[in-house]
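As stored in my_file_19.cif (mmCIF, C-alpha atoms):
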data_work
loop_
_atom_site.label_atom_id
_atom_site.label_comp_id
_atom_site.auth_asym_id
_atom_site.auth_seq_id
_atom_site.Cartn_x
_atom_site.Cartn_y
_atom_site.Cartn_z
CA MET P 1 81.08 12.37 15.77
CA PRO P 2 81.30 15.84 17.35
CA ILE P 3 81.39 16.06 21.15
CA PRO P 4 80.53 19.29 23.02
CA GLU P 5 83.50 21.04 24.60
CA ASP P 6 81.94 20.84 28.06
CA VAL P 7 82.18 17.03 27.97
CA THR P 8 85.55 16.17 29.52
CA GLY P 9 85.15 12.46 30.26
CA ASP P 10 85.49 13.03 33.97
CA GLU P 11 81.73 12.61 34.26
CA ILE P 12 81.90 8.82 33.99
CA ASP P 13 81.63 6.52 37.01
CA LYS P 14 84.71 5.73 39.05
CA ASP P 15 84.55 2.03 38.16
CA VAL P 16 84.45 2.80 34.43
CA ARG P 17 87.34 5.25 34.77
CA GLN P 18 89.34 2.55 36.47
CA GLU P 19 88.68 0.15 33.58
CA LEU P 20 89.91 2.74 31.10
CA GLN P 21 93.25 3.04 32.89
CA SER P 22 94.45 0.09 30.85
CA LEU P 23 94.40 2.37 27.79
CA PRO P 24 96.85 5.12 26.81
CA LYS P 25 95.82 8.39 28.43
CA THR P 26 94.69 10.22 25.29
CA LEU P 27 92.76 7.19 24.06
CA ALA P 28 91.15 6.71 27.47
CA GLU P 29 89.96 10.33 27.41
CA ASP P 30 88.44 9.92 23.95
CA VAL P 31 86.64 6.73 24.96
CA ALA P 32 85.40 8.32 28.19
CA ARG P 33 83.95 11.33 26.35
CA ASN P 34 82.10 9.05 23.93
CA LEU P 35 80.73 7.00 26.82
CA VAL P 36 79.48 10.19 28.46
CA MET P 37 77.60 11.05 25.25
CA VAL P 38 76.06 7.58 25.18
CA ALA P 39 74.75 8.07 28.71
CA ARG P 40 73.47 11.57 27.94
CA LEU P 41 71.56 10.61 24.80
CA LEU P 42 70.38 7.10 25.59
CA ASP P 43 66.84 8.09 26.62
CA GLU P 44 66.18 11.16 24.49
CA ASP P 45 68.15 10.31 21.34
CA PRO P 46 68.80 6.56 21.11
CA GLU P 47 70.13 6.79 17.57
CA GLY P 48 72.67 9.41 18.61
CA ALA P 49 73.69 7.33 21.60
CA TYR P 50 74.15 4.34 19.31
CA GLY P 51 76.46 6.35 17.06
CA TYR P 52 78.72 7.37 19.94
CA SER P 53 78.72 3.80 21.26
CA ARG P 54 80.04 2.56 17.93
CA VAL P 55 82.89 5.05 18.10
CA ALA P 56 83.79 3.93 21.62
CA LEU P 57 83.57 0.31 20.53
CA ARG P 58 85.93 0.95 17.63
CA LEU P 59 88.42 2.59 19.97
CA ALA P 60 88.31 0.11 22.86
CA SER P 61 86.42 -3.09 22.13
CA ARG P 62 88.33 -4.99 24.83
CA VAL P 63 86.95 -2.86 27.67
CA ALA P 64 83.91 -4.42 29.34
CA ALA P 65 82.28 -1.06 30.13
CA VAL P 66 82.45 -0.15 26.44
CA ARG P 67 80.80 -3.44 25.41
CA GLU P 68 78.10 -2.91 28.02
CA ALA P 69 77.42 0.66 26.85
CA ALA P 70 77.27 -0.55 23.25
CA GLY P 71 74.81 -3.22 24.34
CA PHE P 72 72.47 -0.75 25.99
CA ALA P 73 72.64 1.60 23.00
CA ALA P 74 71.75 -1.25 20.65
CA TYR P 75 68.99 -2.37 23.04
CA ALA P 76 67.50 1.14 23.06
CA ASN P 77 67.33 0.99 19.26
CA GLN P 78 65.69 -2.46 19.32
CA LYS P 79 68.77 -4.09 17.80
CA TYR P 80 68.31 -7.05 20.10
CA GLY P 81 70.68 -9.50 18.44
CA GLU P 82 73.50 -6.97 18.51
CA ALA P 83 72.70 -5.98 22.08
CA LEU P 84 72.72 -9.59 23.22
CA ALA P 85 76.13 -10.17 21.65
CA GLU P 86 77.58 -7.12 23.42
CA PHE P 87 76.08 -8.09 26.77
CA ARG P 88 77.47 -11.60 26.44
CA ALA P 89 80.90 -10.18 25.68
CA ALA P 90 80.76 -7.91 28.75
CA LYS P 91 79.68 -10.83 30.92
CA ARG P 92 82.56 -12.98 29.66
CA MET P 93 85.04 -10.21 30.47
CA THR P 94 83.81 -9.55 33.99
CA GLY P 95 82.05 -12.74 35.08
CA ASN P 96 79.31 -10.46 36.43
CA VAL P 97 75.68 -11.62 36.13
CA ASP P 98 74.06 -8.18 36.52
CA LEU P 99 73.17 -8.11 32.80
CA TRP P 100 71.30 -11.43 32.97
CA PRO P 101 67.75 -9.91 33.04
CA VAL P 102 68.34 -7.57 30.10
CA MET P 103 69.95 -10.43 28.17
CA ALA P 104 66.79 -12.45 28.77
CA ASP P 105 64.72 -9.51 27.56
CA CYS P 106 66.78 -9.45 24.38
CA GLU P 107 65.65 -13.03 23.83
CA ARG P 108 62.07 -11.76 24.08
CA GLY P 109 62.89 -9.06 21.54
CA LEU P 110 64.19 -11.76 19.23
CA GLU P 111 60.82 -13.54 19.63
CA ARG P 112 62.30 -16.34 21.72
CA PRO P 113 60.23 -16.12 24.93
CA GLU P 114 60.91 -19.75 25.77
CA LYS P 115 64.63 -18.97 25.94
CA ALA P 116 63.87 -16.03 28.25
CA LEU P 117 61.95 -18.35 30.56
CA ASP P 118 64.85 -20.81 30.56
CA MET P 119 67.12 -17.98 31.67
CA ALA P 120 64.64 -17.03 34.40
CA GLY P 121 65.17 -20.47 35.92
CA ALA P 122 68.95 -20.52 35.55
CA PRO P 123 71.39 -20.54 38.52
CA GLU P 124 72.58 -17.04 37.56
CA VAL P 125 69.30 -15.59 38.87
CA HIS P 126 70.21 -16.57 42.43
CA LYS P 127 73.38 -14.49 42.17
CA LEU P 128 71.42 -11.32 41.34
CA ASP P 129 70.71 -8.67 43.95
CA LYS P 130 67.10 -7.86 44.88
CA ALA P 131 66.69 -5.31 42.09
CA GLY P 132 68.02 -7.79 39.55
CA GLN P 133 65.70 -10.54 40.76
CA VAL P 134 62.69 -8.24 40.47
CA GLU P 135 63.80 -7.28 36.96
CA MET P 136 64.10 -10.96 36.08
CA ARG P 137 60.59 -11.54 37.38
CA LEU P 138 59.29 -8.73 35.14
CA VAL P 139 61.01 -10.24 32.12
CA ALA P 140 59.65 -13.71 32.91
CA ALA P 141 56.12 -12.32 33.22
CA GLY P 142 56.54 -10.56 29.89
CA ALA P 143 57.64 -13.84 28.31
CA ARG P 144 54.54 -15.54 29.68
CA ARG P 145 52.39 -12.84 28.09
CA ASP P 146 54.28 -13.28 24.81
CA LEU P 147 53.14 -16.89 24.89
CA GLY P 148 49.54 -15.90 25.67
CA GLN P 149 49.77 -17.25 29.23
CA LEU P 150 48.09 -14.35 31.07
CA ASP P 151 47.25 -16.25 34.24
CA ALA P 152 50.82 -17.53 34.50
CA ALA P 153 52.11 -13.98 34.01
CA ILE P 154 49.94 -12.75 36.87
CA VAL P 155 51.15 -15.51 39.16
CA THR P 156 54.76 -14.80 38.20
CA LEU P 157 54.42 -11.19 39.38
CA GLN P 158 52.85 -12.15 42.72
CA SER P 159 55.75 -11.89 45.12
CA PRO P 160 56.79 -10.44 48.49
CA GLU P 161 58.16 -7.41 46.64
CA LEU P 162 54.73 -6.76 45.11
CA ALA P 163 52.95 -7.04 48.45
CA ALA P 164 55.47 -4.93 50.38
CA ASN P 165 54.28 -1.55 51.65
CA SER P 166 57.70 0.05 51.41
CA VAL P 167 58.53 1.83 48.17
CA GLN P 168 61.69 0.70 46.41
CA PRO P 169 63.13 1.78 43.03
CA TRP P 170 61.37 -1.14 41.35
CA THR P 171 58.00 -0.88 43.14
CA ALA P 172 56.19 1.33 40.62
CA ARG P 173 57.20 -0.78 37.62
CA LEU P 174 56.31 -4.03 39.38
CA ARG P 175 52.86 -2.78 40.40
CA TYR P 176 52.30 -1.34 36.94
CA ALA P 177 53.16 -4.65 35.24
CA TYR P 178 50.82 -6.47 37.59
CA ALA P 179 47.98 -4.02 36.93
CA ASP P 180 48.52 -4.26 33.18
CA ALA P 181 48.43 -8.07 33.29
CA LEU P 182 45.22 -8.00 35.34
CA LEU P 183 43.61 -5.64 32.85
CA ALA P 184 44.64 -7.84 29.93
CA ALA P 185 42.99 -10.76 31.74
CA GLY P 186 39.73 -8.78 32.06
CA ARG P 187 40.04 -8.18 35.81
CA GLU P 188 39.37 -4.45 35.55
CA SER P 189 38.49 -3.63 39.17
CA GLU P 190 41.68 -5.29 40.44
CA ALA P 191 43.68 -3.60 37.69
CA ARG P 192 42.37 -0.20 38.77
CA GLU P 193 43.43 -0.89 42.35
CA TRP P 194 46.98 -1.75 41.32
CA PHE P 195 47.31 1.13 38.87
CA ALA P 196 46.41 3.38 41.82
CA LYS P 197 49.10 1.70 43.92
CA ALA P 198 51.57 2.16 41.08
CA VAL P 199 50.76 5.88 41.01
CA GLU P 200 51.50 6.11 44.74
CA ALA P 201 54.93 4.56 44.23
CA ASP P 202 55.80 6.35 40.98
CA ARG P 203 57.55 9.38 42.44
CA ASP P 204 59.63 10.17 39.36
CA GLY P 205 56.99 9.50 36.69
CA SER P 206 58.72 6.45 35.27
CA THR P 207 55.39 4.93 34.18
CA ASP P 208 52.13 6.26 32.73
CA ALA P 209 50.15 4.70 35.57
CA SER P 210 48.26 7.95 36.26
CA ASP P 211 47.07 8.10 32.64
CA ARG P 212 46.00 4.45 32.70
CA LEU P 213 44.10 5.03 35.95
CA ALA P 214 42.35 8.08 34.52
CA GLU P 215 41.43 6.10 31.42
CA LEU P 216 39.81 3.40 33.54
CA ASP P 217 37.88 6.10 35.42
CA GLY P 218 36.61 7.53 32.13
CA VAL P 219 38.52 10.80 32.46
CA GLU P 220 39.40 12.51 29.17
CA PHE P 221 42.12 15.12 29.01
CA VAL P 222 41.52 18.07 26.71
CA ASP P 223 44.35 20.24 25.41
CA ALA P 224 43.13 23.78 26.04
CA MET P 225 45.59 25.27 23.56
CA ALA P 226 44.49 22.80 20.90
CA GLY P 227 40.87 23.80 21.50
CA ASP P 228 41.66 27.49 21.04
CA THR P 229 43.49 26.69 17.84
CA ASP P 230 40.55 24.69 16.49
CA GLU P 231 38.12 27.52 17.26
CA ALA P 232 40.38 30.03 15.57
CA GLU P 233 40.62 27.81 12.52
CA ASN P 234 36.85 27.40 12.42
CA ASP P 235 36.39 31.19 12.52
CA GLN P 236 38.54 31.62 9.44
CA VAL P 237 37.03 30.96 6.02
CA PRO P 238 39.47 29.34 3.62
CA ALA P 239 40.53 31.74 0.90
CA SER P 240 39.54 29.21 -1.76
CA GLU P 241 35.94 29.20 -0.48
CA THR P 242 35.46 32.98 -0.10
CA PRO P 243 34.82 33.77 -3.81
CA LYS P 244 32.26 30.96 -3.98
CA ALA P 245 30.40 32.38 -1.00
CA ASP P 246 30.45 35.89 -2.51
CA GLU P 247 29.21 34.59 -5.87
CA ALA P 248 26.35 32.72 -4.23
CA GLU P 249 25.34 35.85 -2.32
CA ASP P 250 25.45 37.98 -5.52
CA GLU P 251 23.30 35.45 -7.40
CA ALA P 252 20.73 35.41 -4.62
CA GLN P 253 20.57 39.22 -4.58
CA ALA P 254 20.16 39.35 -8.38
CA GLN P 255 17.36 36.81 -8.22
CA ASP P 256 15.56 38.84 -5.55
CA GLU P 257 15.85 41.99 -7.68
CA ALA P 258 14.50 40.16 -10.74
CA GLU P 259 11.53 38.88 -8.75
CA ASP P 260 10.81 42.39 -7.44
CA GLU P 261 10.90 43.80 -10.99
CA ALA P 262 8.56 41.09 -12.25
CA GLN P 263 6.14 41.79 -9.41
CA ASP P 264 6.22 45.55 -10.15
CA GLU P 265 5.50 44.91 -13.83
CA ALA P 266 2.60 42.59 -12.98
CA GLU P 267 1.10 45.21 -10.64
CA ALA P 268 1.47 47.92 -13.32
CA GLU P 269 -0.25 45.77 -15.92
CA ALA P 270 -3.08 45.00 -13.52
CA GLN P 271 -3.55 48.72 -12.83
CA ASP P 272 -3.65 49.52 -16.56
CA GLU P 273 -6.32 46.85 -17.12
CA ASN P 274 -8.45 48.31 -14.34
CA GLU P 275 -8.22 51.80 -15.86
CA ASN P 276 -9.20 50.45 -19.29
CA ASP P 277 -12.23 48.70 -17.83
CA LYS P 278 -13.41 51.97 -16.28
CA ASP P 279 -13.13 53.70 -19.64
#

Have the structure of the file written as structure tokens, please.
Amino acid sequence: MPIPEDVTGDEIDKDVRQELQSLPKTLAEDVARNLVMVARLLDEDPEGAYGYSRVALRLASRVAAVREAAGFAAYANQKYGEALAEFRAAKRMTGNVDLWPVMADCERGLERPEKALDMAGAPEVHKLDKAGQVEMRLVAAGARRDLGQLDAAIVTLQSPELAANSVQPWTARLRYAYADALLAAGRESEAREWFAKAVEADRDGSTDASDRLAELDGVEFVDAMAGDTDEAENDQVPASETPKADEAEDEAQAQDEAEDEAQDEAEAEAQDENENDKD
């Protein structure tokens, strides 16, 4: 797959670059450039990112960072079985448990929420940092919802991190998930409160909390440009309908003229009869 000339491979993280040192220099550069493309395209073009990840995987399947990147690319394309296999391979290579929450979410994607819940209670969770533990809590709540256990999902999300006033990288998503669960359970007033709190914490627009809040408040957004376009379209008469309109107008005019002529003839005949009577 083509790679832009401005992509050198130096853009990758220091830790990943260190992993690639086990490869020949030219090969390491090729792998690095493909990994940069995966990172660039993952959000906006998941299919493209997946393509570059497959190239990197073909070149260096024994590098943990490559397996991890391939896992995230597959995950972004909802290829959950493939993603899970790549994440497991990366975990075996490094012994790191950071991927545990996303692995559990892959189980959800494979419609195995019970397995995700088992992973949420595994010893690996205790080895996660705070961000990882919050992510695991989000996955566990999602698994509860998959099983139709709304109340359990709400309880799962109730935590010190949810109640904290300080804003952390995970705060907006945690509050959003809680608000969404409350709304699904029919607790609309509480849901509105937490959507508002999610908006306060969502500094980079990572959720659509503001839209959900506006929806609850009955606010409708109108696209001004779309409105102008609609009005312009309404002002234009389709070419296929113009002849029909002209024909109808011509017929009406002809009918009026015929009626006028008939009336004139009737008046003339009446005048002639009056003159004859006088004679």

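Among the candidates P:Lys197, P:Pro113, P:Asn77, P:Phe72, the residue lying nearest to Asp45 of chain P is P:Asn77 (atoms considered: only C-alpha atoms).
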
Which residues match the PyMOL selection byres ((chain P and resi 78) around 12) in the file above, as an MDAnalysis selection string?
chainID P and resid 46:47 50 71:77 79:84 105:110

Which is closest to Val55 of chain P among P:Val125, P:Met1, P:Val167, P:Leu20, if we use all atoms listed in the file?
P:Met1

Near segment 191-194 of chain P, within 6 Å and counting all atoms listed in the file, which residues show up once chain neighbours fewer than 5 positions away are dropped, as a PyMOL selection string?
chain P and resi 179+182-183

For the residues selected in the previous step, produce a file with C-alpha atoms as a compact mmCIF listing (two decimals), in the coordinates of the input.
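What landed in again_3.txt:
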# COMPACT_ATOMS: atom_id res chain seq x y z
CA ALA P 179 47.98 -4.02 36.93
CA LEU P 182 45.22 -8.00 35.34
CA LEU P 183 43.61 -5.64 32.85

Given the file shown, enumerate the residues that the PyMOL selection byres ((chain P and resi 68) around 9) captures and present them as JSON, numbers by chain.
{"P": [63, 64, 65, 66, 67, 69, 70, 71, 72, 73, 83, 86, 87, 88, 89, 90, 91, 99]}
